[in-house]
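Okay, model-v5.txt is below, compact mmCIF, N, CA and C atoms and all ligand atoms:
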# COMPACT_ATOMS: atom_id res chain seq x y z
N MET A 1 27.76 91.45 40.60
CA MET A 1 29.13 90.92 40.59
C MET A 1 29.34 90.00 39.38
N GLY A 2 28.47 88.99 39.23
CA GLY A 2 28.67 87.97 38.21
C GLY A 2 28.51 88.46 36.78
N ARG A 3 27.47 89.25 36.53
CA ARG A 3 27.14 89.66 35.17
C ARG A 3 28.09 90.74 34.64
N LYS A 4 28.58 91.57 35.54
CA LYS A 4 29.46 92.67 35.13
C LYS A 4 30.73 92.11 34.47
N ALA A 5 31.27 92.88 33.56
CA ALA A 5 32.49 92.45 32.86
C ALA A 5 33.65 92.33 33.85
N VAL A 6 34.50 91.35 33.63
CA VAL A 6 35.72 91.22 34.42
C VAL A 6 36.71 92.25 33.90
N THR A 7 37.12 93.14 34.78
CA THR A 7 38.07 94.20 34.40
C THR A 7 39.35 94.05 35.19
N SER A 8 40.37 94.78 34.77
CA SER A 8 41.65 94.74 35.48
C SER A 8 41.45 95.22 36.93
N THR A 9 40.60 96.21 37.13
CA THR A 9 40.32 96.73 38.48
C THR A 9 39.69 95.66 39.36
N ARG A 10 38.78 94.91 38.76
CA ARG A 10 38.07 93.87 39.51
C ARG A 10 39.03 92.75 39.92
N ILE A 11 39.97 92.43 39.07
CA ILE A 11 40.97 91.41 39.40
C ILE A 11 41.82 91.89 40.58
N LYS A 12 42.26 93.13 40.48
CA LYS A 12 43.10 93.71 41.55
C LYS A 12 42.32 93.81 42.87
N GLN A 13 41.05 94.14 42.77
CA GLN A 13 40.20 94.27 43.96
C GLN A 13 40.11 92.95 44.72
N LEU A 14 39.85 91.87 44.00
CA LEU A 14 39.73 90.57 44.65
C LEU A 14 41.06 90.20 45.32
N ARG A 15 42.13 90.45 44.58
CA ARG A 15 43.46 90.11 45.07
C ARG A 15 43.79 90.92 46.34
N ASP A 16 43.51 92.20 46.32
CA ASP A 16 43.78 93.06 47.48
C ASP A 16 42.91 92.68 48.67
N ALA A 17 41.62 92.43 48.40
CA ALA A 17 40.68 92.11 49.48
C ALA A 17 41.09 90.83 50.19
N GLN A 18 41.69 89.89 49.44
CA GLN A 18 42.06 88.61 50.03
C GLN A 18 43.52 88.58 50.48
N GLY A 19 44.25 89.63 50.13
CA GLY A 19 45.67 89.67 50.48
C GLY A 19 46.50 88.67 49.68
N TRP A 20 46.06 88.36 48.45
CA TRP A 20 46.78 87.40 47.60
C TRP A 20 47.81 88.12 46.75
N SER A 21 48.95 87.51 46.56
CA SER A 21 49.94 88.01 45.61
C SER A 21 49.47 87.61 44.21
N ALA A 22 50.07 88.24 43.20
CA ALA A 22 49.73 87.87 41.81
C ALA A 22 50.07 86.40 41.57
N TYR A 23 51.12 85.92 42.21
CA TYR A 23 51.51 84.52 42.09
C TYR A 23 50.41 83.61 42.67
N GLU A 24 49.93 83.98 43.87
CA GLU A 24 48.88 83.17 44.52
C GLU A 24 47.60 83.13 43.69
N LEU A 25 47.19 84.29 43.17
CA LEU A 25 45.99 84.30 42.34
C LEU A 25 46.21 83.46 41.08
N GLY A 26 47.40 83.58 40.51
CA GLY A 26 47.75 82.78 39.34
C GLY A 26 47.62 81.29 39.61
N CYS A 27 48.09 80.86 40.78
CA CYS A 27 48.00 79.44 41.16
C CYS A 27 46.54 78.99 41.23
N LYS A 28 45.69 79.83 41.78
CA LYS A 28 44.28 79.49 41.92
C LYS A 28 43.56 79.41 40.58
N LEU A 29 44.08 80.17 39.60
CA LEU A 29 43.41 80.24 38.30
C LEU A 29 44.16 79.48 37.21
N GLY A 30 45.23 78.81 37.61
CA GLY A 30 45.98 78.02 36.64
C GLY A 30 46.73 78.87 35.63
N CYS A 31 47.22 80.02 36.05
CA CYS A 31 48.07 80.82 35.15
C CYS A 31 49.23 81.42 35.93
N THR A 32 50.08 82.15 35.28
CA THR A 32 51.30 82.63 35.93
C THR A 32 51.12 84.01 36.55
N ARG A 33 52.08 84.36 37.41
CA ARG A 33 52.11 85.67 38.04
C ARG A 33 52.17 86.77 36.98
N SER A 34 53.00 86.58 35.99
CA SER A 34 53.18 87.64 34.99
C SER A 34 51.93 87.82 34.13
N TYR A 35 51.20 86.73 33.90
CA TYR A 35 49.94 86.84 33.16
C TYR A 35 48.94 87.68 33.94
N ILE A 36 48.83 87.40 35.26
CA ILE A 36 47.94 88.20 36.14
C ILE A 36 48.34 89.67 36.08
N LYS A 37 49.64 89.92 36.20
CA LYS A 37 50.15 91.30 36.19
C LYS A 37 49.82 91.99 34.85
N SER A 38 49.92 91.25 33.77
CA SER A 38 49.63 91.82 32.45
C SER A 38 48.16 92.17 32.31
N LEU A 39 47.29 91.31 32.86
CA LEU A 39 45.85 91.59 32.81
C LEU A 39 45.53 92.81 33.66
N GLU A 40 46.11 92.87 34.84
CA GLU A 40 45.86 94.01 35.74
C GLU A 40 46.39 95.31 35.15
N GLY A 41 47.50 95.21 34.48
CA GLY A 41 48.11 96.41 33.90
C GLY A 41 47.50 96.79 32.55
N GLY A 42 46.70 95.90 31.99
CA GLY A 42 46.03 96.19 30.73
C GLY A 42 46.86 95.91 29.48
N SER A 43 48.01 95.30 29.65
CA SER A 43 48.85 95.02 28.48
C SER A 43 48.41 93.77 27.73
N LEU A 44 47.56 92.95 28.38
CA LEU A 44 46.95 91.80 27.69
C LEU A 44 45.44 91.88 27.88
N PRO A 45 44.67 91.48 26.86
CA PRO A 45 43.21 91.49 27.00
C PRO A 45 42.74 90.36 27.91
N ILE A 46 41.62 90.57 28.59
CA ILE A 46 41.03 89.54 29.45
C ILE A 46 40.18 88.62 28.57
N THR A 47 40.63 87.37 28.48
CA THR A 47 39.94 86.42 27.60
C THR A 47 38.65 85.91 28.27
N HIS A 48 37.78 85.37 27.44
CA HIS A 48 36.53 84.79 27.95
C HIS A 48 36.83 83.64 28.90
N ARG A 49 37.79 82.83 28.52
CA ARG A 49 38.19 81.67 29.32
C ARG A 49 38.67 82.11 30.71
N PHE A 50 39.50 83.14 30.74
CA PHE A 50 39.99 83.65 32.02
C PHE A 50 38.84 84.21 32.84
N ALA A 51 37.98 85.00 32.19
CA ALA A 51 36.85 85.64 32.87
C ALA A 51 35.95 84.60 33.54
N MET A 52 35.70 83.48 32.84
CA MET A 52 34.86 82.42 33.39
C MET A 52 35.49 81.85 34.67
N ARG A 53 36.78 81.57 34.60
CA ARG A 53 37.48 81.02 35.76
C ARG A 53 37.51 82.03 36.90
N PHE A 54 37.76 83.27 36.55
CA PHE A 54 37.86 84.31 37.57
C PHE A 54 36.53 84.47 38.31
N VAL A 55 35.44 84.52 37.57
CA VAL A 55 34.10 84.71 38.17
C VAL A 55 33.77 83.54 39.12
N ALA A 56 34.15 82.33 38.72
CA ALA A 56 33.91 81.16 39.57
C ALA A 56 34.70 81.27 40.88
N LEU A 57 35.95 81.67 40.79
CA LEU A 57 36.79 81.84 41.98
C LEU A 57 36.24 82.95 42.88
N GLU A 58 35.84 84.04 42.25
CA GLU A 58 35.28 85.19 42.97
C GLU A 58 34.03 84.78 43.75
N ARG A 59 33.19 83.98 43.11
CA ARG A 59 31.93 83.53 43.74
C ARG A 59 32.22 82.70 44.98
N VAL A 60 33.10 81.72 44.84
CA VAL A 60 33.47 80.86 45.97
C VAL A 60 34.09 81.69 47.10
N THR A 61 34.95 82.61 46.74
CA THR A 61 35.65 83.43 47.73
C THR A 61 34.67 84.30 48.51
N TYR A 62 33.75 84.95 47.81
CA TYR A 62 32.80 85.83 48.50
C TYR A 62 31.76 85.02 49.27
N ALA A 63 31.46 83.81 48.83
CA ALA A 63 30.55 82.95 49.59
C ALA A 63 31.18 82.59 50.93
N GLN A 64 32.49 82.33 50.90
CA GLN A 64 33.21 82.04 52.15
C GLN A 64 33.23 83.26 53.05
N ALA A 65 33.44 84.42 52.45
CA ALA A 65 33.47 85.67 53.21
C ALA A 65 32.12 85.91 53.88
N ALA A 66 31.03 85.55 53.18
CA ALA A 66 29.69 85.73 53.73
C ALA A 66 29.50 84.84 54.94
N ARG A 67 30.05 83.63 54.90
CA ARG A 67 29.96 82.74 56.05
C ARG A 67 30.68 83.34 57.25
N HIS A 68 31.79 84.03 56.98
CA HIS A 68 32.56 84.64 58.07
C HIS A 68 31.78 85.74 58.77
N LYS A 69 30.78 86.30 58.09
CA LYS A 69 29.98 87.36 58.70
C LYS A 69 29.11 86.84 59.82
N GLN A 70 29.01 85.53 59.94
CA GLN A 70 28.23 84.95 61.02
C GLN A 70 28.98 85.01 62.34
N ILE A 71 30.22 85.42 62.31
CA ILE A 71 31.01 85.51 63.54
C ILE A 71 30.56 86.72 64.36
N ARG A 72 30.24 86.47 65.62
CA ARG A 72 29.92 87.56 66.54
C ARG A 72 31.06 87.64 67.53
N THR A 73 31.42 88.84 67.91
CA THR A 73 32.55 88.98 68.82
C THR A 73 32.34 90.14 69.77
N ILE A 74 32.90 90.02 70.96
CA ILE A 74 32.84 91.14 71.90
C ILE A 74 34.09 91.99 71.79
N HIS A 75 35.03 91.57 70.90
CA HIS A 75 36.27 92.31 70.70
C HIS A 75 36.32 92.85 69.27
N PRO A 76 36.98 94.00 69.05
CA PRO A 76 37.15 94.48 67.68
C PRO A 76 38.03 93.50 66.90
N LEU A 77 37.70 93.27 65.63
CA LEU A 77 38.46 92.32 64.83
C LEU A 77 39.19 93.03 63.69
N PRO A 78 40.37 92.56 63.33
CA PRO A 78 41.05 93.09 62.14
C PRO A 78 40.35 92.60 60.88
N LYS A 79 40.76 93.11 59.74
CA LYS A 79 40.13 92.78 58.45
C LYS A 79 40.23 91.28 58.17
N GLN A 80 41.34 90.71 58.54
CA GLN A 80 41.55 89.28 58.32
C GLN A 80 42.06 88.64 59.60
N ILE A 81 41.52 87.48 59.92
CA ILE A 81 41.94 86.82 61.16
C ILE A 81 41.97 85.32 60.94
N THR A 82 42.94 84.66 61.55
CA THR A 82 43.01 83.20 61.52
C THR A 82 42.80 82.71 62.94
N ILE A 83 41.77 81.93 63.16
CA ILE A 83 41.45 81.43 64.49
C ILE A 83 42.07 80.05 64.65
N LEU A 84 42.94 79.90 65.62
CA LEU A 84 43.63 78.62 65.81
C LEU A 84 43.02 77.81 66.93
N ALA A 85 42.25 78.46 67.81
CA ALA A 85 41.59 77.72 68.89
C ALA A 85 40.39 76.99 68.33
N ARG A 86 40.12 75.81 68.85
CA ARG A 86 39.00 75.00 68.37
C ARG A 86 37.68 75.51 68.96
N PRO A 87 36.69 75.81 68.11
CA PRO A 87 35.39 76.21 68.65
C PRO A 87 34.75 75.03 69.38
N ARG A 88 34.04 75.31 70.46
CA ARG A 88 33.35 74.24 71.20
C ARG A 88 31.93 74.68 71.53
N LYS A 89 31.09 73.71 71.81
CA LYS A 89 29.71 74.02 72.16
C LYS A 89 29.58 74.27 73.65
N CYS A 90 28.75 75.25 73.99
CA CYS A 90 28.40 75.48 75.39
C CYS A 90 27.67 74.24 75.88
N ALA A 91 28.02 73.77 77.07
CA ALA A 91 27.43 72.55 77.61
C ALA A 91 25.93 72.70 77.86
N ILE A 92 25.45 73.94 77.96
CA ILE A 92 24.03 74.16 78.27
C ILE A 92 23.23 74.56 77.02
N CYS A 93 23.60 75.69 76.39
CA CYS A 93 22.78 76.19 75.29
C CYS A 93 23.16 75.57 73.94
N ARG A 94 24.28 74.86 73.89
CA ARG A 94 24.75 74.15 72.69
C ARG A 94 25.15 75.07 71.53
N ALA A 95 25.25 76.38 71.79
CA ALA A 95 25.74 77.31 70.76
C ALA A 95 27.27 77.19 70.71
N TRP A 96 27.86 77.56 69.56
CA TRP A 96 29.31 77.43 69.38
C TRP A 96 30.04 78.66 69.92
N PHE A 97 31.17 78.41 70.56
CA PHE A 97 31.99 79.49 71.11
C PHE A 97 33.47 79.14 70.97
N ILE A 98 34.28 80.18 71.02
CA ILE A 98 35.69 79.97 71.32
C ILE A 98 35.86 80.56 72.71
N PHE A 99 36.00 79.70 73.69
CA PHE A 99 36.04 80.14 75.08
C PHE A 99 37.37 80.82 75.41
N PRO A 100 37.33 81.82 76.32
CA PRO A 100 38.57 82.50 76.70
C PRO A 100 39.56 81.56 77.39
N ASN A 101 39.05 80.56 78.09
CA ASN A 101 39.94 79.59 78.75
C ASN A 101 39.65 78.19 78.21
N ALA A 102 40.71 77.44 78.00
CA ALA A 102 40.58 76.10 77.42
C ALA A 102 39.73 75.18 78.29
N SER A 103 39.68 75.48 79.60
CA SER A 103 38.94 74.61 80.52
C SER A 103 37.45 74.97 80.61
N ASP A 104 37.04 76.09 80.02
CA ASP A 104 35.63 76.50 80.08
C ASP A 104 34.75 75.48 79.36
N ARG A 105 33.60 75.20 79.94
CA ARG A 105 32.65 74.27 79.32
C ARG A 105 31.31 74.93 79.03
N VAL A 106 31.18 76.17 79.50
CA VAL A 106 29.90 76.85 79.42
C VAL A 106 30.14 78.30 78.98
N CYS A 107 29.18 78.88 78.26
CA CYS A 107 29.36 80.24 77.75
C CYS A 107 29.15 81.28 78.86
N ALA A 108 29.29 82.55 78.52
CA ALA A 108 29.24 83.62 79.53
C ALA A 108 27.82 83.99 79.92
N ASP A 109 26.84 83.42 79.24
CA ASP A 109 25.44 83.73 79.55
C ASP A 109 25.10 83.35 81.00
N ARG A 110 24.41 84.25 81.69
CA ARG A 110 24.10 84.05 83.11
C ARG A 110 23.29 82.76 83.33
N GLU A 111 22.29 82.55 82.47
CA GLU A 111 21.43 81.36 82.60
C GLU A 111 22.25 80.08 82.41
N CYS A 112 23.15 80.10 81.44
CA CYS A 112 23.97 78.92 81.17
C CYS A 112 24.89 78.63 82.36
N ARG A 113 25.47 79.70 82.92
CA ARG A 113 26.39 79.51 84.06
C ARG A 113 25.64 78.95 85.26
N ARG A 114 24.44 79.47 85.50
CA ARG A 114 23.64 79.01 86.63
C ARG A 114 23.24 77.53 86.43
N ALA A 115 22.76 77.23 85.25
CA ALA A 115 22.34 75.86 84.96
C ALA A 115 23.51 74.88 85.07
N TYR A 116 24.68 75.32 84.63
CA TYR A 116 25.86 74.45 84.68
C TYR A 116 26.29 74.21 86.12
N ARG A 117 26.24 75.27 86.93
CA ARG A 117 26.62 75.16 88.35
C ARG A 117 25.72 74.18 89.09
N THR A 118 24.41 74.28 88.86
CA THR A 118 23.48 73.38 89.55
C THR A 118 23.62 71.95 89.03
N ARG A 119 24.03 71.81 87.77
CA ARG A 119 24.15 70.48 87.18
C ARG A 119 25.34 69.70 87.73
N ILE A 120 26.46 70.39 87.96
CA ILE A 120 27.66 69.67 88.39
C ILE A 120 27.68 69.43 89.91
N LYS A 121 26.75 70.09 90.65
CA LYS A 121 26.72 69.88 92.10
C LYS A 121 26.03 68.55 92.47
ZN ZN B 201 25.44 78.81 76.78
Structure re-expressed in structure tokens:
Amino acid sequence: MGRKAVTSTRIKQLRDAQGWSAYELGCKLGCTRSYIKSLEGGSLPITHRFAMRFVALERVTYAQAARHKQIRTIHPLPKQITILARPRKCAICRAWFIFPNASDRVCADRECRRAYRTRIK
């Protein structure tokens, strides 16, 4: 990813993968929407300065995407998701969850449920 030349295709790929408009990408890189469009369309050359900034943004973006791969789910997920519920720790195993009910204090694991039941009695 890093060593390869920054091409118009690569710019468009990052933008599409993240669902960013040319304006949004421009804001992140300190340039205008029309400049991004010109680079993607090939009507302007990709400068070294732009390439350096682009590669840095790409690296940060894909590092964040890699962190998202740590999400495990029992439900199918869309390509992009925004989670608004606050993750909480299971009271027993201390692993992080987004519980189906706001009042849940323990994960769905049988051992955790049993341990929690005996603890609150
Ligand atoms: Zn648990």
Requested in this report: Name each residue within 7 Å of ligand ZN 201 (chain B), counting only C-alpha atoms and all ligand atoms, as number ranges by chain.
Outcome: A: 90-95, 106-109, 112
Requested in this report: Would you list the contacts of Arg53 in chain A as JSON, numbers by chain, taking every protein, DNA or RNA residue within 12 Å and counting only C-alpha atoms, but skipping same-chain residues closer than 3 positions in sequence?
Outcome: {"A": [2, 6, 11, 25, 26, 27, 28, 29, 30, 31, 46, 47, 48, 49, 50, 56, 57, 58, 59, 60]}
Using only N, CA and C atoms, please write the residues we just selected to a file, as a short mmCIF file (atom, residue, chain, number, x, y, z; two decimals), in the frame of the given file.
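Result file out_9.cif:
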data_model
loop_
_atom_site.label_atom_id
_atom_site.label_comp_id
_atom_site.auth_asym_id
_atom_site.auth_seq_id
_atom_site.Cartn_x
_atom_site.Cartn_y
_atom_site.Cartn_z
N GLY A 2 28.47 88.99 39.23
CA GLY A 2 28.67 87.97 38.21
C GLY A 2 28.51 88.46 36.78
N VAL A 6 34.50 91.35 33.63
CA VAL A 6 35.72 91.22 34.42
C VAL A 6 36.71 92.25 33.90
N ILE A 11 39.97 92.43 39.07
CA ILE A 11 40.97 91.41 39.40
C ILE A 11 41.82 91.89 40.58
N LEU A 25 47.19 84.29 43.17
CA LEU A 25 45.99 84.30 42.34
C LEU A 25 46.21 83.46 41.08
N GLY A 26 47.40 83.58 40.51
CA GLY A 26 47.75 82.78 39.34
C GLY A 26 47.62 81.29 39.61
N CYS A 27 48.09 80.86 40.78
CA CYS A 27 48.00 79.44 41.16
C CYS A 27 46.54 78.99 41.23
N LYS A 28 45.69 79.83 41.78
CA LYS A 28 44.28 79.49 41.92
C LYS A 28 43.56 79.41 40.58
N LEU A 29 44.08 80.17 39.60
CA LEU A 29 43.41 80.24 38.30
C LEU A 29 44.16 79.48 37.21
N GLY A 30 45.23 78.81 37.61
CA GLY A 30 45.98 78.02 36.64
C GLY A 30 46.73 78.87 35.63
N CYS A 31 47.22 80.02 36.05
CA CYS A 31 48.07 80.82 35.15
C CYS A 31 49.23 81.42 35.93
N ILE A 46 41.62 90.57 28.59
CA ILE A 46 41.03 89.54 29.45
C ILE A 46 40.18 88.62 28.57
N THR A 47 40.63 87.37 28.48
CA THR A 47 39.94 86.42 27.60
C THR A 47 38.65 85.91 28.27
N HIS A 48 37.78 85.37 27.44
CA HIS A 48 36.53 84.79 27.95
C HIS A 48 36.83 83.64 28.90
N ARG A 49 37.79 82.83 28.52
CA ARG A 49 38.19 81.67 29.32
C ARG A 49 38.67 82.11 30.71
N PHE A 50 39.50 83.14 30.74
CA PHE A 50 39.99 83.65 32.02
C PHE A 50 38.84 84.21 32.84
N ALA A 56 34.15 82.33 38.72
CA ALA A 56 33.91 81.16 39.57
C ALA A 56 34.70 81.27 40.88
N LEU A 57 35.95 81.67 40.79
CA LEU A 57 36.79 81.84 41.98
C LEU A 57 36.24 82.95 42.88
N GLU A 58 35.84 84.04 42.25
CA GLU A 58 35.28 85.19 42.97
C GLU A 58 34.03 84.78 43.75
N ARG A 59 33.19 83.98 43.11
CA ARG A 59 31.93 83.53 43.74
C ARG A 59 32.22 82.70 44.98
N VAL A 60 33.10 81.72 44.84
CA VAL A 60 33.47 80.86 45.97
C VAL A 60 34.09 81.69 47.10
#
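CA of Gln13 in chain A lies 10.0 Å from CA of Glu40 in chain A.
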Edge lengths and centre, in Å to one decimal, as JSON: that's what I need for the box along x, y and z that holds all listed atoms of range 98-117 of chain A plus 3 Å on each side.
{"center_x": 31.1, "center_y": 79.2, "center_z": 80.1, "size_x": 25.3, "size_y": 16.1, "size_z": 24.1}
Requested in this report: Between CA of Ala115 in chain A and CA of Ala85 in chain A, measure the distance and give it in Å to one decimal.
Outcome: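 Those two atoms sit 25.1 Å apart.
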Query raised in the report: Can you tell me how far CA of Tyr116 in chain A sits from CA of Pro87 in chain A, in Å to one decimal?
Result: 18.7 Å
Query raised in the report: If we count only N, CA and C atoms, what is near Leu39 in chain A at a cut-off of 7 Å, once residues fewer than 6 positions away on the same chain are taken out, given as number ranges by chain?
Result: A: 7-9, 45-46
Report task. Anything within 9 Å of (38.2, 86.8, 77.1): list those residues as a ChimeraX atom specification, counting only C-alpha atoms and sticking to the file's coordinates. Result -> /A:74-75,99-101
Report task. From the DSSP assignment of the backbone, select every residue of range 49-118 of chain A that is strand (DSSP E or B), and format the answer as number ranges by chain. Result -> A: 88-89, 96-97
